[in-house]
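Q: model_27.txt is the file, holding compact mmCIF, C-alpha atoms:
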# COMPACT_ATOMS: atom_id res chain seq x y z
CA MET D 1171 67.44 2.21 -11.34
CA ASP D 1172 68.31 3.42 -14.86
CA LYS D 1173 71.62 5.16 -15.37
CA PRO D 1174 71.99 8.22 -17.59
CA ILE D 1175 72.62 7.30 -21.23
CA ALA D 1176 75.04 9.25 -23.42
CA PHE D 1177 75.90 8.94 -27.07
CA GLU D 1178 77.68 10.94 -29.75
CA LEU D 1179 75.85 12.44 -32.71
CA HIS D 1180 78.34 13.93 -35.14
CA GLY D 1181 78.46 14.86 -38.78
CA PRO D 1182 78.93 14.13 -41.53
CA GLU D 1183 77.11 10.80 -40.96
CA PHE D 1184 75.11 11.57 -37.77
CA ILE D 1185 74.70 7.89 -36.92
CA PRO D 1186 74.39 7.65 -33.12
CA SER D 1187 77.51 6.10 -31.56
CA GLN D 1188 75.15 3.89 -29.55
CA TYR D 1189 71.60 2.78 -30.36
CA ASP D 1190 69.20 -0.11 -29.71
CA LYS D 1191 67.35 -0.51 -32.98
CA HIS D 1192 68.13 0.11 -36.65
CA ILE D 1193 65.01 0.17 -38.82
CA VAL D 1194 65.38 0.00 -42.60
CA ARG D 1195 62.52 0.91 -44.95
CA ARG D 1196 62.66 -0.14 -48.56
CA LEU D 1197 60.54 0.64 -51.61
CA SER D 1198 58.44 -2.50 -51.03
CA SER D 1199 57.17 -1.12 -47.71
CA MET D 1200 55.53 1.87 -49.48
CA ASP D 1201 52.93 -0.01 -51.52
CA GLY D 1202 50.19 2.38 -52.67
CA GLN D 1203 51.81 5.46 -51.12
CA TYR D 1204 53.42 6.94 -54.24
CA LEU D 1205 51.22 8.66 -56.79
CA ASP D 1206 52.82 7.05 -59.85
CA LEU D 1207 51.84 3.40 -59.27
CA GLU D 1208 53.23 2.24 -62.61
CA THR D 1209 56.71 3.68 -62.04
CA TYR D 1210 56.64 2.32 -58.49
CA GLN D 1211 56.01 -1.21 -59.82
CA GLU D 1212 58.65 -0.85 -62.53
CA MET D 1213 61.27 0.32 -60.00
CA LEU D 1214 60.35 -2.47 -57.59
CA THR D 1215 60.89 -5.08 -60.31
CA LYS D 1216 64.46 -3.88 -60.72
CA ASP D 1217 65.52 -3.26 -57.12
CA ASP D 1218 63.96 -2.93 -53.68
CA LEU D 1219 65.70 0.37 -53.00
CA LEU D 1220 66.55 1.62 -49.52
CA LEU D 1221 64.43 4.75 -48.90
CA TYR D 1222 65.13 5.59 -45.28
CA GLU D 1223 66.61 4.38 -42.01
CA VAL D 1224 65.86 5.06 -38.37
CA TYR D 1225 68.24 4.62 -35.42
CA GLU D 1226 66.36 4.40 -32.14
CA ILE D 1227 67.28 4.53 -28.47
CA GLU D 1228 64.82 2.22 -26.70
CA ARG D 1229 63.07 3.36 -23.56
CA PRO D 1230 59.95 2.12 -21.75
CA GLU D 1231 56.86 3.19 -23.71
CA VAL D 1232 55.23 5.16 -20.90
CA ALA D 1233 54.45 8.82 -20.27
CA GLY D 1234 57.42 10.53 -18.65
CA GLU D 1235 59.95 8.71 -20.81
CA LEU D 1236 61.16 10.18 -24.12
CA LEU D 1237 61.76 8.09 -27.22
CA HIS D 1238 64.46 9.52 -29.43
CA GLY D 1239 66.73 8.77 -32.32
CA VAL D 1240 67.81 9.76 -35.80
CA SER D 1241 66.03 9.34 -39.13
CA ILE D 1242 67.89 9.40 -42.45
CA VAL D 1243 65.91 9.80 -45.67
CA HIS D 1244 67.99 9.07 -48.75
CA PRO D 1245 67.68 11.16 -51.94
CA GLY D 1246 65.71 9.91 -54.91
CA LYS D 1247 62.31 9.92 -56.57
CA VAL D 1248 59.52 7.57 -57.58
CA GLY D 1249 58.43 9.23 -60.81
CA GLN D 1250 58.27 12.91 -59.87
CA GLU D 1251 57.69 12.26 -56.16
CA TYR D 1252 60.57 12.51 -53.70
CA PHE D 1253 61.66 9.73 -51.37
CA MET D 1254 59.83 10.12 -48.06
CA THR D 1255 58.96 8.34 -44.83
CA LYS D 1256 55.72 6.40 -44.46
CA GLY D 1257 54.45 9.04 -42.07
CA HIS D 1258 52.10 8.41 -39.20
CA PHE D 1259 49.76 9.68 -36.55
CA HIS D 1260 50.66 8.89 -32.96
CA ALA D 1261 48.36 6.18 -31.57
CA VAL D 1262 47.80 8.51 -28.60
CA LEU D 1263 46.79 11.50 -30.72
CA ASP D 1264 47.44 14.11 -28.04
CA THR D 1265 51.22 13.67 -28.12
CA ALA D 1266 53.74 16.01 -29.75
CA GLU D 1267 57.17 15.55 -31.34
CA VAL D 1268 60.31 17.66 -31.61
CA TYR D 1269 62.44 17.50 -34.76
CA TYR D 1270 65.90 19.02 -35.06
CA CYS D 1271 67.26 18.93 -38.60
CA LEU D 1272 70.96 18.03 -38.66
CA LYS D 1273 71.67 17.80 -42.39
CA GLY D 1274 70.13 18.00 -45.83
CA GLN D 1275 67.16 19.71 -47.37
CA GLY D 1276 63.55 18.70 -47.19
CA LEU D 1277 59.99 19.29 -46.15
CA MET D 1278 57.75 17.95 -43.44
CA VAL D 1279 54.18 17.30 -44.56
CA LEU D 1280 51.62 17.45 -41.75
CA GLU D 1281 47.88 17.05 -41.32
CA THR D 1282 45.26 16.64 -38.62
CA PRO D 1283 42.20 14.38 -38.49
CA GLU D 1284 40.19 17.63 -38.50
CA GLY D 1285 41.37 18.51 -42.02
CA GLU D 1286 44.15 21.02 -41.44
CA TRP D 1287 47.44 20.59 -43.26
CA ALA D 1288 50.86 22.23 -43.29
CA VAL D 1289 54.19 21.88 -45.09
CA GLU D 1290 57.30 23.04 -43.22
CA ASP D 1291 60.91 23.53 -44.34
CA LEU D 1292 63.61 21.24 -43.00
CA SER D 1293 67.18 22.48 -43.21
CA PRO D 1294 70.18 22.16 -40.89
CA GLY D 1295 69.65 23.98 -37.59
CA ARG D 1296 65.89 24.16 -37.93
CA VAL D 1297 63.72 22.95 -35.05
CA LEU D 1298 60.17 21.89 -35.83
CA TYR D 1299 57.56 21.35 -33.14
CA VAL D 1300 54.82 18.98 -34.24
CA PRO D 1301 51.92 19.72 -31.88
CA PRO D 1302 49.59 16.96 -30.66
CA ARG D 1303 47.22 15.52 -33.31
CA TRP D 1304 49.41 16.22 -36.38
CA ALA D 1305 50.41 13.30 -38.62
CA HIS D 1306 53.87 13.91 -40.08
CA ARG D 1307 56.04 12.68 -42.94
CA SER D 1308 59.60 13.75 -43.89
CA VAL D 1309 60.42 14.31 -47.56
CA ASN D 1310 63.97 14.62 -48.93
CA THR D 1311 63.75 17.25 -51.69
CA ALA D 1312 67.49 17.38 -52.47
CA ASN D 1313 68.97 16.01 -55.68
CA GLN D 1314 71.74 14.50 -53.64
CA GLY D 1315 72.56 14.01 -49.97
CA ASP D 1316 70.61 12.56 -47.07
CA LEU D 1317 68.01 14.37 -44.99
CA ILE D 1318 68.99 13.71 -41.37
CA ILE D 1319 66.79 14.55 -38.37
CA PHE D 1320 67.09 14.08 -34.60
CA PHE D 1321 63.62 13.33 -33.17
CA ILE D 1322 62.16 13.17 -29.65
CA TYR D 1323 58.61 12.17 -28.66
CA PRO D 1324 56.78 11.12 -25.50
CA GLY D 1325 57.21 7.49 -24.49
CA HIS D 1326 53.49 6.70 -24.53
CA SER D 1327 52.82 8.12 -28.04
CA GLY D 1328 52.71 4.85 -29.97
CA HIS D 1329 52.41 4.79 -33.77
CA ASP D 1330 49.37 4.62 -36.01
CA TYR D 1331 50.69 3.81 -39.50
CA GLY D 1332 47.44 2.21 -40.64
CA THR D 1333 45.41 5.40 -41.06
CA ILE D 1334 47.97 6.90 -43.47
CA GLU D 1335 48.44 3.58 -45.30
CA GLN D 1336 44.70 3.55 -45.98
CA GLN D 1337 43.95 7.19 -46.72
CA GLY D 1338 47.35 8.69 -47.62
CA PHE D 1339 48.31 12.28 -46.91
CA ARG D 1340 46.16 15.10 -48.30
CA LYS D 1341 49.23 16.69 -49.87
CA LEU D 1342 52.12 15.25 -51.86
CA VAL D 1343 55.48 16.81 -52.70
CA ILE D 1344 56.71 16.40 -56.25
CA ASP D 1345 59.52 17.77 -58.36
CA GLY D 1346 57.76 20.38 -60.51
CA ALA D 1347 60.28 21.59 -63.09
CA GLY D 1348 63.14 21.32 -60.60
CA GLN D 1349 61.26 22.88 -57.67
CA PRO D 1350 59.64 21.03 -54.74
CA THR D 1351 55.94 21.54 -55.36
CA VAL D 1352 53.03 20.73 -53.06
CA ILE D 1353 50.02 19.20 -54.83
CA ASP D 1354 46.72 17.68 -53.77
CA ASN D 1355 46.76 13.91 -53.47
CA PRO D 1356 44.09 12.80 -55.96
CA ARG D 1357 43.79 9.43 -54.21
CA TRP D 1358 43.41 10.85 -50.69
CA LYS D 1359 40.32 9.56 -48.96
CA ALA D 1360 38.94 10.50 -45.57
CA SER D 1361 38.84 7.50 -43.30
CA GLY D 1362 35.36 8.38 -42.15
CA VAL D 1363 36.69 7.96 -38.66
CA ASN D 1364 36.63 11.44 -37.20
CA ARG D 1365 38.73 10.97 -34.13
CA MET K 1006 44.07 23.88 -33.15
CA ASP K 1007 47.79 24.53 -32.71
CA LYS K 1008 49.91 25.02 -35.81
CA PRO K 1009 53.39 23.52 -36.17
CA ILE K 1010 56.09 25.80 -34.75
CA ALA K 1011 59.46 26.23 -36.43
CA PHE K 1012 62.54 28.14 -35.38
CA GLU K 1013 66.20 28.35 -36.32
CA LEU K 1014 68.97 27.23 -33.98
CA HIS K 1015 72.34 28.13 -35.46
CA GLY K 1016 75.85 28.67 -34.23
CA PRO K 1017 77.86 30.42 -33.13
CA GLU K 1018 75.27 31.94 -30.77
CA PHE K 1019 72.53 29.24 -30.80
CA ILE K 1020 69.87 31.68 -29.60
CA PRO K 1021 66.53 30.43 -30.98
CA SER K 1022 65.21 32.71 -33.74
CA GLN K 1023 61.85 32.61 -31.94
CA TYR K 1024 61.11 31.97 -28.26
CA ASP K 1025 58.52 32.82 -25.60
CA LYS K 1026 60.57 33.30 -22.46
CA HIS K 1027 64.11 34.44 -21.67
CA ILE K 1028 65.19 33.54 -18.13
CA VAL K 1029 68.31 35.14 -16.69
CA ARG K 1030 70.02 33.74 -13.58
CA ARG K 1031 72.51 35.87 -11.70
CA LEU K 1032 74.91 35.18 -8.85
CA SER K 1033 72.34 36.42 -6.31
CA SER K 1034 69.98 33.57 -7.22
CA MET K 1035 72.56 30.96 -6.07
CA ASP K 1036 72.65 31.81 -2.37
CA GLY K 1037 74.14 28.91 -0.39
CA GLN K 1038 74.84 26.77 -3.48
CA TYR K 1039 78.56 27.48 -3.92
CA LEU K 1040 81.01 25.86 -1.51
CA ASP K 1041 83.10 28.98 -0.93
CA LEU K 1042 80.54 31.18 0.84
CA GLU K 1043 83.06 33.92 1.59
CA THR K 1044 84.17 34.37 -2.02
CA TYR K 1045 80.52 34.20 -3.09
CA GLN K 1046 79.68 37.13 -0.78
CA GLU K 1047 82.74 39.09 -1.88
CA MET K 1048 81.87 38.64 -5.56
CA LEU K 1049 78.24 39.59 -4.95
CA THR K 1050 79.30 42.85 -3.30
CA LYS K 1051 81.11 43.84 -6.48
CA ASP K 1052 78.73 42.67 -9.19
CA ASP K 1053 75.65 40.46 -9.53
CA LEU K 1054 77.18 38.48 -12.41
CA LEU K 1055 75.14 36.76 -15.10
CA LEU K 1056 75.70 33.00 -14.67
CA TYR K 1057 73.30 31.46 -17.16
CA GLU K 1058 70.34 32.08 -19.44
CA VAL K 1059 67.49 29.94 -20.69
CA TYR K 1060 65.41 30.50 -23.84
CA GLU K 1061 62.11 28.60 -23.68
CA ILE K 1062 59.38 27.73 -26.14
CA GLU K 1063 56.13 27.73 -24.13
CA ARG K 1064 53.69 24.85 -24.47
CA PRO K 1065 50.82 23.66 -22.28
CA GLU K 1066 52.22 21.89 -19.20
CA VAL K 1067 50.50 18.57 -19.77
CA ALA K 1068 51.65 15.05 -20.65
CA GLY K 1069 51.91 14.65 -24.41
CA GLU K 1070 53.39 18.12 -24.93
CA LEU K 1071 57.16 18.68 -24.95
CA LEU K 1072 58.80 21.69 -23.33
CA HIS K 1073 62.01 22.67 -25.06
CA GLY K 1074 64.57 25.39 -25.39
CA VAL K 1075 68.20 26.32 -25.04
CA SER K 1076 70.33 26.88 -21.93
CA ILE K 1077 73.55 28.89 -21.99
CA VAL K 1078 75.94 28.65 -19.04
CA HIS K 1079 78.62 31.34 -19.14
CA PRO K 1080 82.23 30.60 -18.16
CA GLY K 1081 83.59 31.57 -14.76
CA LYS K 1082 84.15 30.41 -11.20
CA VAL K 1083 83.13 31.21 -7.65
CA GLY K 1084 86.37 30.43 -5.88
CA GLN K 1085 87.42 27.11 -7.41
CA GLU K 1086 83.88 26.09 -8.37
CA TYR K 1087 82.68 26.51 -11.94
CA PHE K 1088 79.59 28.48 -12.95
CA MET K 1089 76.59 26.12 -13.07
CA THR K 1090 72.82 26.00 -13.19
CA LYS K 1091 70.74 25.78 -10.02
CA GLY K 1092 69.79 22.23 -10.93
CA HIS K 1093 66.52 20.59 -10.06
CA PHE K 1094 64.41 17.49 -9.75
CA HIS K 1095 61.27 17.36 -11.85
CA ALA K 1096 58.19 17.87 -9.66
CA VAL K 1097 56.76 14.74 -11.30
CA LEU K 1098 59.79 12.57 -10.53
CA ASP K 1099 59.05 9.93 -13.16
CA THR K 1100 59.82 12.22 -16.10
CA ALA K 1101 62.97 12.18 -18.24
CA GLU K 1102 64.87 14.83 -20.21
CA VAL K 1103 66.93 14.84 -23.40
CA TYR K 1104 69.98 17.12 -23.68
CA TYR K 1105 71.83 17.76 -26.93
CA CYS K 1106 75.02 19.71 -26.43
CA LEU K 1107 75.52 22.32 -29.16
CA LYS K 1108 78.66 24.12 -27.99
CA GLY K 1109 81.25 24.33 -25.24
CA GLN K 1110 82.67 22.00 -22.67
CA GLY K 1111 81.14 20.90 -19.41
CA LEU K 1112 79.70 18.28 -17.13
CA MET K 1113 76.24 17.30 -16.04
CA VAL K 1114 75.96 16.39 -12.37
CA LEU K 1115 73.09 14.03 -11.57
CA GLU K 1116 71.64 12.30 -8.53
CA THR K 1117 68.56 10.39 -7.45
CA PRO K 1118 66.57 10.58 -4.21
CA GLU K 1119 67.74 6.99 -3.62
CA GLY K 1120 71.39 8.09 -3.32
CA GLU K 1121 72.84 7.31 -6.74
CA TRP K 1122 74.93 9.93 -8.50
CA ALA K 1123 76.61 10.37 -11.87
CA VAL K 1124 78.73 12.93 -13.71
CA GLU K 1125 78.53 12.96 -17.51
CA ASP K 1126 80.58 14.78 -20.15
CA LEU K 1127 78.97 17.51 -22.22
CA SER K 1128 80.64 18.40 -25.49
CA PRO K 1129 79.29 19.40 -28.91
CA GLY K 1130 77.34 16.58 -30.56
CA ARG K 1131 76.81 14.64 -27.35
CA VAL K 1132 73.28 13.53 -26.45
CA LEU K 1133 72.53 12.84 -22.80
CA TYR K 1134 69.38 11.04 -21.68
CA VAL K 1135 68.44 11.90 -18.11
CA PRO K 1136 66.16 9.05 -17.02
CA PRO K 1137 63.20 9.64 -14.72
CA ARG K 1138 64.09 10.47 -11.05
CA TRP K 1139 67.50 12.06 -11.74
CA ALA K 1140 68.12 15.64 -10.59
CA HIS K 1141 70.46 17.41 -12.98
CA ARG K 1142 72.75 20.45 -13.10
CA SER K 1143 74.92 21.73 -15.97
CA VAL K 1144 78.44 22.93 -15.19
CA ASN K 1145 80.61 24.96 -17.60
CA THR K 1146 84.17 23.68 -17.08
CA ALA K 1147 85.79 25.74 -19.85
CA ASN K 1148 88.10 28.66 -19.17
CA GLN K 1149 86.33 30.57 -21.89
CA GLY K 1150 83.26 30.12 -24.04
CA ASP K 1151 79.64 29.33 -23.25
CA LEU K 1152 78.20 25.86 -22.63
CA ILE K 1153 75.10 25.67 -24.85
CA ILE K 1154 72.51 22.89 -24.67
CA PHE K 1155 69.23 22.12 -26.45
CA PHE K 1156 66.83 20.48 -23.98
CA ILE K 1157 63.49 18.67 -24.30
CA TYR K 1158 61.30 17.35 -21.46
CA PRO K 1159 57.71 16.16 -21.02
CA GLY K 1160 55.13 18.92 -20.60
CA HIS K 1161 53.86 17.68 -17.23
CA SER K 1162 57.32 17.40 -15.58
CA GLY K 1163 57.25 20.60 -13.53
CA HIS K 1164 60.28 21.76 -11.54
CA ASP K 1165 61.31 21.12 -7.96
CA TYR K 1166 64.10 23.61 -7.21
CA GLY K 1167 63.44 23.61 -3.47
CA THR K 1168 64.93 20.20 -2.69
CA ILE K 1169 68.31 21.12 -4.23
CA GLU K 1170 68.23 24.61 -2.68
CA GLN K 1171 67.89 22.98 0.75
CA GLN K 1172 70.16 19.96 0.46
CA GLY K 1173 72.49 20.79 -2.46
CA PHE K 1174 73.96 18.19 -4.78
CA ARG K 1175 76.02 15.33 -3.31
CA LYS K 1176 78.87 16.15 -5.70
CA LEU K 1177 80.48 19.43 -6.70
CA VAL K 1178 82.77 20.19 -9.64
CA ILE K 1179 85.80 22.33 -8.92
CA ASP K 1180 88.94 23.37 -10.75
CA GLY K 1181 91.61 21.13 -9.20
CA ALA K 1182 94.97 22.31 -10.54
CA GLY K 1183 93.46 23.14 -13.92
CA GLN K 1184 91.37 19.96 -14.23
CA PRO K 1185 87.63 19.62 -13.58
CA THR K 1186 87.48 17.55 -10.41
CA VAL K 1187 84.46 15.95 -8.75
CA ILE K 1188 84.42 16.25 -4.96
CA ASP K 1189 81.96 15.41 -2.20
CA ASN K 1190 79.82 18.32 -1.10
CA PRO K 1191 80.69 18.69 2.60
CA ARG K 1192 77.48 20.65 3.19
CA TRP K 1193 75.18 18.13 1.45
CA LYS K 1194 72.33 17.01 3.65
CA ALA K 1195 69.68 14.42 2.95
CA SER K 1196 66.26 15.99 3.00
CA GLY K 1197 64.89 13.19 5.12
CA VAL K 1198 62.14 12.97 2.52
CA ASN K 1199 62.73 9.66 0.80
CA ARG K 1200 60.45 10.02 -2.16
In structure tokens, how does this file's structure come out?
A:
Amino acid sequence: MDKPIAFELHGPEFIPSQYDKHIVRRLSSMDGQYLDLETYQEMLTKDDLLLYEVYEIERPEVAGELLHGVSIVHPGKVGQEYFMTKGHFHAVLDTAEVYYCLKGQGLMVLETPEGEWAVEDLSPGRVLYVPPRWAHRSVNTANQGDLIIFFIYPGHSGHDYGTIEQQGFRKLVIDGAGQPTVIDNPRWKASGVNR
Amino acid sequence: MDKPIAFELHGPEFIPSQYDKHIVRRLSSMDGQYLDLETYQEMLTKDDLLLYEVYEIERPEVAGELLHGVSIVHPGKVGQEYFMTKGHFHAVLDTAEVYYCLKGQGLMVLETPEGEWAVEDLSPGRVLYVPPRWAHRSVNTANQGDLIIFFIYPGHSGHDYGTIEQQGFRKLVIDGAGQPTVIDNPRWKASGVNR
């Protein structure tokens, strides 16, 4: 029988006092995701920068359980495009996610297989409910300071990173004269798989 | 197709800027739950005090969705026993819950149908994972100030209040010479239903 699990989640760092897994994503894991391929390659030659980190509490991956943890997107840009998470659909599409922003300033970029898209503000104290079927990516739009989010999703959700790796997101967020600006992704391609 | 839902959750009040349901629980809804039945009746004669409130975001009650909201337990006592929520099992026992304490000081009292129990601290910044099968009740142990918690649970969980209404919790939390003290519930009775 599982016992209740408790941990502390305090600023300014918001690293859980107890966690099971620490995932680190570097520039090299984002091949083909940033619009400015040339700058991406140039940056990668110099340093495989740390883009974001995820601290996870592990639970059985079944319905009824809740997977949860903290994601930290560091500030920075590849060309004009802000540092961001890979983004993903859930493998079980009909599963939601709750985000509670703890620190920083950013945007969540969302889209459905049916062609809808949305961009939502992330700032401290803001709760964002990602309904079933929406792929989601966090973007740190601040010049400095991490974007830190507490996330919770159903245990059976799974992750589908492949669809986004292949087709990208429909919308990108770039620094347009100092302002976060949403633009069409010229390289976006429908997967042809209408799920 | 559902759109993403966003709301603000800020101190010092932590009332969601947008919600679907506001549940108010008064003293009269706790018949038979407090140890000191005489004081309970005396208090009820004078005033049907507000014990706690819940602000809920409504979502379809199916697996894959996440029900979430904020609970606020006000400070006070019935005799020596602190104000608390009714507490419940989930109707679908194998469903978990995530609590993130936003404000105040308290305890969560938990138990399983198999006879295990636990009491966990609640203080700002503390995350508590209630695994599947654990009934749970929030207790405000502060002399003043609300106990405020952000909660998230699977959409298909449901609520079983009846079992706790009939048998109570195995453990109670009372003010023992100024300190929160966990005692056996002398009126606790096993339901005979070993689920």
Q: Once you count all atoms listed in the file, which residues of chain K turn out to be within 6 Å of chain D? Could you give them as a list in words?
A: Pro1009, Ile1010, Ala1011, Phe1012, Glu1013, Leu1014, His1015, Gly1069, Glu1070, Asp1099, Thr1100, Ala1101, Gly1130, Arg1131, Val1132, Leu1133, Tyr1134, Val1135 and Pro1136 of chain K
Q: Write out as a list of chain:residue names each polymer residue whose atoms come within 9 Å of Asp1025 (chain K), counting only C-alpha atoms; drop sequence neighbours fewer than 5 positions from it.
A: K:Tyr1060, K:Glu1061, K:Ile1062, K:Glu1063
Q: Nearest to Val1178 (chain K): which of K:Ala1140, K:Ala1096, K:Met1048, K:Leu1040 is it, counting all atoms listed in the file?
A: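 Among the listed residues, K:Leu1040 lies closest to Val1178 (chain K).
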Q: Using all atoms listed in the file, determine which residues lie at most 6 Å from Tyr1222 (chain D), disregarding the query and same-chain residues fewer than 5 positions distant; provide the list as a list in words.
A: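 Once the nearby chain positions are removed, what remains is Arg1195, Ile1242, Val1243 and His1244 of chain D.
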Q: What gap, in Å, lies between CA of Gly1074 (chain K) and CA of Ile1154 (chain K)?
A: 8.4 Å
Q: Need the shell around Asp1217 (chain D): protein/DNA/RNA residues with any atom at most 10 Å away, counting only C-alpha atoms. Skip same-chain ones fewer than 2 positions apart. Format as a VMD selection string?
A: chain D and resid 1196 to 1198 1212 to 1215 1219 to 1220
Q: Can you measure CA of Glu1170 (chain K) to CA of Met1113 (chain K) for me? One decimal in Å is fine.
A: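 Going from CA of Glu1170 (chain K) over to CA of Met1113 (chain K), I get 17.2 Å.
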Q: Which residue is closest to Gly1346 (chain D)? Choose from D:Tyr1204, D:Tyr1252, D:Tyr1189, D:Trp1358 and count all atoms listed in the file.
A: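 Of all the options, D:Tyr1252 lies closest to Gly1346 (chain D).
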Q: Step by step: start from the point (64.9, 14.8, -49.5) in the file's coordinates, keep every protein, DNA or RNA residue that has an atom no farther than 9 Å from it, count all atoms listed in the file, and write the set as a PyMOL selection string.
A: chain D and resi 1243-1247+1252-1254+1274-1277+1308-1317
Q: Just give me the gap between CA of His1306 (chain D) and CA of Phe1339 (chain D) in Å, one decimal is fine.
A: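 Straight-line distance from CA of His1306 (chain D) to CA of Phe1339 (chain D) works out to 9.0 Å.
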Q: Rank K:Pro1017, K:Gly1084, K:Gly1092, K:Pro1065 by their smallest atom-to-atom distance to Glu1043 (chain K), using all atoms listed in the file, and report the top residue only.
A: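 Comparing K:Pro1017, K:Gly1084, K:Gly1092, K:Pro1065 against Glu1043 (chain K), the winner is K:Gly1084.
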Q: When distances are computed from only C-alpha atoms, which of D:Ser1199, D:Arg1357, D:Gly1285, D:Val1279 shows the smallest separation from Gln1336 (chain D)?
A: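 Smallest separation from Gln1336 (chain D) among the options: D:Arg1357.
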